[in-house]
Structures are given as structure tokens and as C-alpha cells.
Amino acid sequence: MSNYTQYGKNVIFCGPAQMLDQPIRKESPVAAELLPGTVVYIDANGAFAAGAGSVSYVLDRDHLGQGFIDTAYKADDRATAFYCGPGLILNVLADGGQDIAEDAPLFATAGGTLTATDPADGSTAIGYAAEIITTGTGAELVAVKFI
């Protein structure tokens, strides 16, 4: 089992280490106040909106503005987000109060967080847990493998 929490959770992109090129990113304004690590899609206005879409992204932190992982983007701020491509491991916000097992499927909620509970609406998992973790009372970053 990999321990992605041993150095703290202060980044979104966390693997693979041997990757020479940065993962694909997209830049766009955000539609509402959103935290780094939120699952987003491009809405009809061309802005990042919370939740999964036909193409999903994970908001990165504001590197250029020296923003921290727990500093939310405000509505209309320009943000960058990682495309959820195969082989990537990203730290993604998961709902609080969950016991998540390694390799458990994770599903995106309408609010852009992840849950280990299958929504039973036919939606597919966005990724799989890359660690064993129990989330606290609020949303927390969890390492997620994208396949």
C-alpha cells in the first residue's frame, strides 16, 4: 500500500513520479466559490462548475498566486484544473465521515466531492482510492487513481 499522506496533503497532482511531462491542464474561470481538489466540468458558459461531466477535471491550487490547498477560488477567478486522465493519481476532495478502502470505487457528487457510496443511478466511478483513509467531519483530500 502506498502512503500518499506521509508528506501531508498540500498538492493535487501526486503521481506517477516518473512522469516527465505534466498532466494535461485546462484554464478557465470558476462558476462559483470552489476549493482545490473539487471535481469540475466546463459548463455552458465556459466556466468550471462543480460535479462530473462528460469530461471531468480536478481543480488545482493557485500556483501562480501562491494559493494554499485550503484557499477557495472565488467566482470568476481564473483557475487551472487537471484532466482526469488514465495513470494519474490526484488528491481529490472526498465527503467527510467515510471509511475508504484502497481500490474502492469513488463516485463524484453534484457538489464536486467524492463518495464511496454507489449512487445507484447507473453512474460509473470516476476513480479508485489509492490509499486507506477515514475522512474527518468535513471534506478531505484523498489520493485517487484514474484508470
# chains A, B, ... in the order shown; residues from 1 in each chain; ligands from 1
call {"tool": "residues_around", "arguments": {"residues": "segment 126-134 of chain A", "least_positions_apart": "4", "cutoff": "6 Å", "atoms": "only C-alpha atoms", "output": "list of chain:residue names"}}
result
A:Gln98, A:Asp99, A:Ile100, A:Ala101, A:Glu102, A:Asp103, A:Ala104, A:Pro105, A:Leu106, A:Phe107, A:Ala143, A:Val144, A:Lys145, A:Phe146
call {"tool": "residues_around", "arguments": {"residues": "segment 27-35 of chain A", "least_positions_apart": "3", "cutoff": "6 Å", "atoms": "only C-alpha atoms", "output": "PyMOL selection string"}}
result
chain A and resi 38+47-49+72-80
call {"tool": "write_last_selection", "arguments": {"atoms": "N, CA and C atoms", "output": "mmCIF file, in the first residue's frame"}}
result
data_model
loop_
_atom_site.group_PDB
_atom_site.id
_atom_site.type_symbol
_atom_site.label_atom_id
_atom_site.label_comp_id
_atom_site.auth_asym_id
_atom_site.auth_seq_id
_atom_site.Cartn_x
_atom_site.Cartn_y
_atom_site.Cartn_z
ATOM 1 N N THR A 38 -11.609 19.890 -6.043
ATOM 2 C CA THR A 38 -13.012 19.665 -6.418
ATOM 3 C C THR A 38 -13.088 19.105 -7.835
ATOM 4 N N ALA A 47 -17.183 27.976 -17.948
ATOM 5 C CA ALA A 47 -16.564 28.073 -16.619
ATOM 6 C C ALA A 47 -16.550 26.701 -15.950
ATOM 7 N N PHE A 48 -15.618 26.541 -15.004
ATOM 8 C CA PHE A 48 -15.584 25.317 -14.211
ATOM 9 C C PHE A 48 -16.763 25.337 -13.236
ATOM 10 N N ALA A 49 -17.567 24.281 -13.274
ATOM 11 C CA ALA A 49 -18.690 24.116 -12.350
ATOM 12 C C ALA A 49 -18.505 22.805 -11.604
ATOM 13 N N ALA A 72 -10.042 28.764 -1.201
ATOM 14 C CA ALA A 72 -11.019 28.579 -2.277
ATOM 15 C C ALA A 72 -10.844 29.630 -3.364
ATOM 16 N N TYR A 73 -11.114 29.213 -4.603
ATOM 17 C CA TYR A 73 -11.246 30.169 -5.692
ATOM 18 C C TYR A 73 -12.579 30.876 -5.504
ATOM 19 N N LYS A 74 -12.620 32.164 -5.803
ATOM 20 C CA LYS A 74 -13.867 32.913 -5.756
ATOM 21 C C LYS A 74 -14.507 32.888 -7.148
ATOM 22 N N ALA A 75 -15.800 33.101 -7.223
ATOM 23 C CA ALA A 75 -16.499 33.110 -8.511
ATOM 24 C C ALA A 75 -15.787 34.039 -9.484
ATOM 25 N N ASP A 76 -15.601 33.581 -10.692
ATOM 26 C CA ASP A 76 -14.952 34.290 -11.805
ATOM 27 C C ASP A 76 -13.430 34.363 -11.704
ATOM 28 N N ASP A 77 -12.807 33.809 -10.636
ATOM 29 C CA ASP A 77 -11.343 33.691 -10.612
ATOM 30 C C ASP A 77 -10.920 32.740 -11.724
ATOM 31 N N ARG A 78 -9.756 33.000 -12.300
ATOM 32 C CA ARG A 78 -9.202 32.052 -13.278
ATOM 33 C C ARG A 78 -8.517 30.941 -12.512
ATOM 34 N N ALA A 79 -8.797 29.714 -12.947
ATOM 35 C CA ALA A 79 -8.240 28.552 -12.269
ATOM 36 C C ALA A 79 -7.695 27.576 -13.294
ATOM 37 N N THR A 80 -6.826 26.703 -12.832
ATOM 38 C CA THR A 80 -6.372 25.595 -13.665
ATOM 39 C C THR A 80 -6.877 24.306 -13.037
#
call {"tool": "closest_residue", "arguments": {"among": "A:Val142, A:Leu88, A:Ala120, A:Leu93", "to": "Leu59 of chain A", "atoms": "only C-alpha atoms"}}
result
A:Leu93
call {"tool": "closest_residue", "arguments": {"among": "A:Ile24, A:Ala50, A:Val92, A:Ala44", "to": "Ala139 of chain A", "atoms": "only C-alpha atoms"}}
result
A:Val92
call {"tool": "decode", "arguments": {"residues": "segment 102-117 of chain A", "atoms": "N, CA and C atoms", "output": "short mmCIF file (atom, residue, chain, number, x, y, z; two decimals), in the first residue's frame"}}
result
data_model
loop_
_atom_site.label_atom_id
_atom_site.label_comp_id
_atom_site.auth_asym_id
_atom_site.auth_seq_id
_atom_site.Cartn_x
_atom_site.Cartn_y
_atom_site.Cartn_z
N GLU A 102 -8.55 0.98 0.19
CA GLU A 102 -7.75 1.10 -1.02
C GLU A 102 -8.42 0.33 -2.15
N ASP A 103 -8.41 0.91 -3.34
CA ASP A 103 -9.02 0.37 -4.56
C ASP A 103 -10.54 0.42 -4.56
N ALA A 104 -11.15 1.07 -3.57
CA ALA A 104 -12.61 1.23 -3.56
C ALA A 104 -13.00 2.22 -4.67
N PRO A 105 -14.07 1.94 -5.41
CA PRO A 105 -14.53 2.89 -6.42
C PRO A 105 -15.07 4.15 -5.74
N LEU A 106 -14.79 5.30 -6.35
CA LEU A 106 -15.25 6.58 -5.82
C LEU A 106 -16.10 7.29 -6.87
N PHE A 107 -17.20 7.86 -6.42
CA PHE A 107 -18.17 8.48 -7.31
C PHE A 107 -18.26 9.98 -7.03
N ALA A 108 -18.39 10.78 -8.08
CA ALA A 108 -18.49 12.23 -7.93
C ALA A 108 -19.92 12.61 -7.56
N THR A 109 -20.03 13.55 -6.62
CA THR A 109 -21.34 14.09 -6.23
C THR A 109 -21.59 15.37 -7.03
N ALA A 110 -22.80 15.88 -6.96
CA ALA A 110 -23.15 17.12 -7.65
C ALA A 110 -22.34 18.30 -7.13
N GLY A 111 -21.87 18.22 -5.87
CA GLY A 111 -21.07 19.29 -5.29
C GLY A 111 -19.59 19.20 -5.62
N GLY A 112 -19.17 18.18 -6.38
CA GLY A 112 -17.78 18.05 -6.79
C GLY A 112 -16.89 17.29 -5.83
N THR A 113 -17.47 16.72 -4.76
CA THR A 113 -16.69 15.88 -3.85
C THR A 113 -16.91 14.43 -4.25
N LEU A 114 -16.15 13.54 -3.64
CA LEU A 114 -16.28 12.11 -3.93
C LEU A 114 -16.92 11.38 -2.77
N THR A 115 -17.60 10.31 -3.09
CA THR A 115 -18.19 9.44 -2.08
C THR A 115 -17.90 7.99 -2.47
N ALA A 116 -17.74 7.15 -1.46
CA ALA A 116 -17.53 5.72 -1.70
C ALA A 116 -18.86 4.99 -1.82
N THR A 117 -19.96 5.70 -1.60
CA THR A 117 -21.29 5.10 -1.69
C THR A 117 -21.77 5.16 -3.14
#
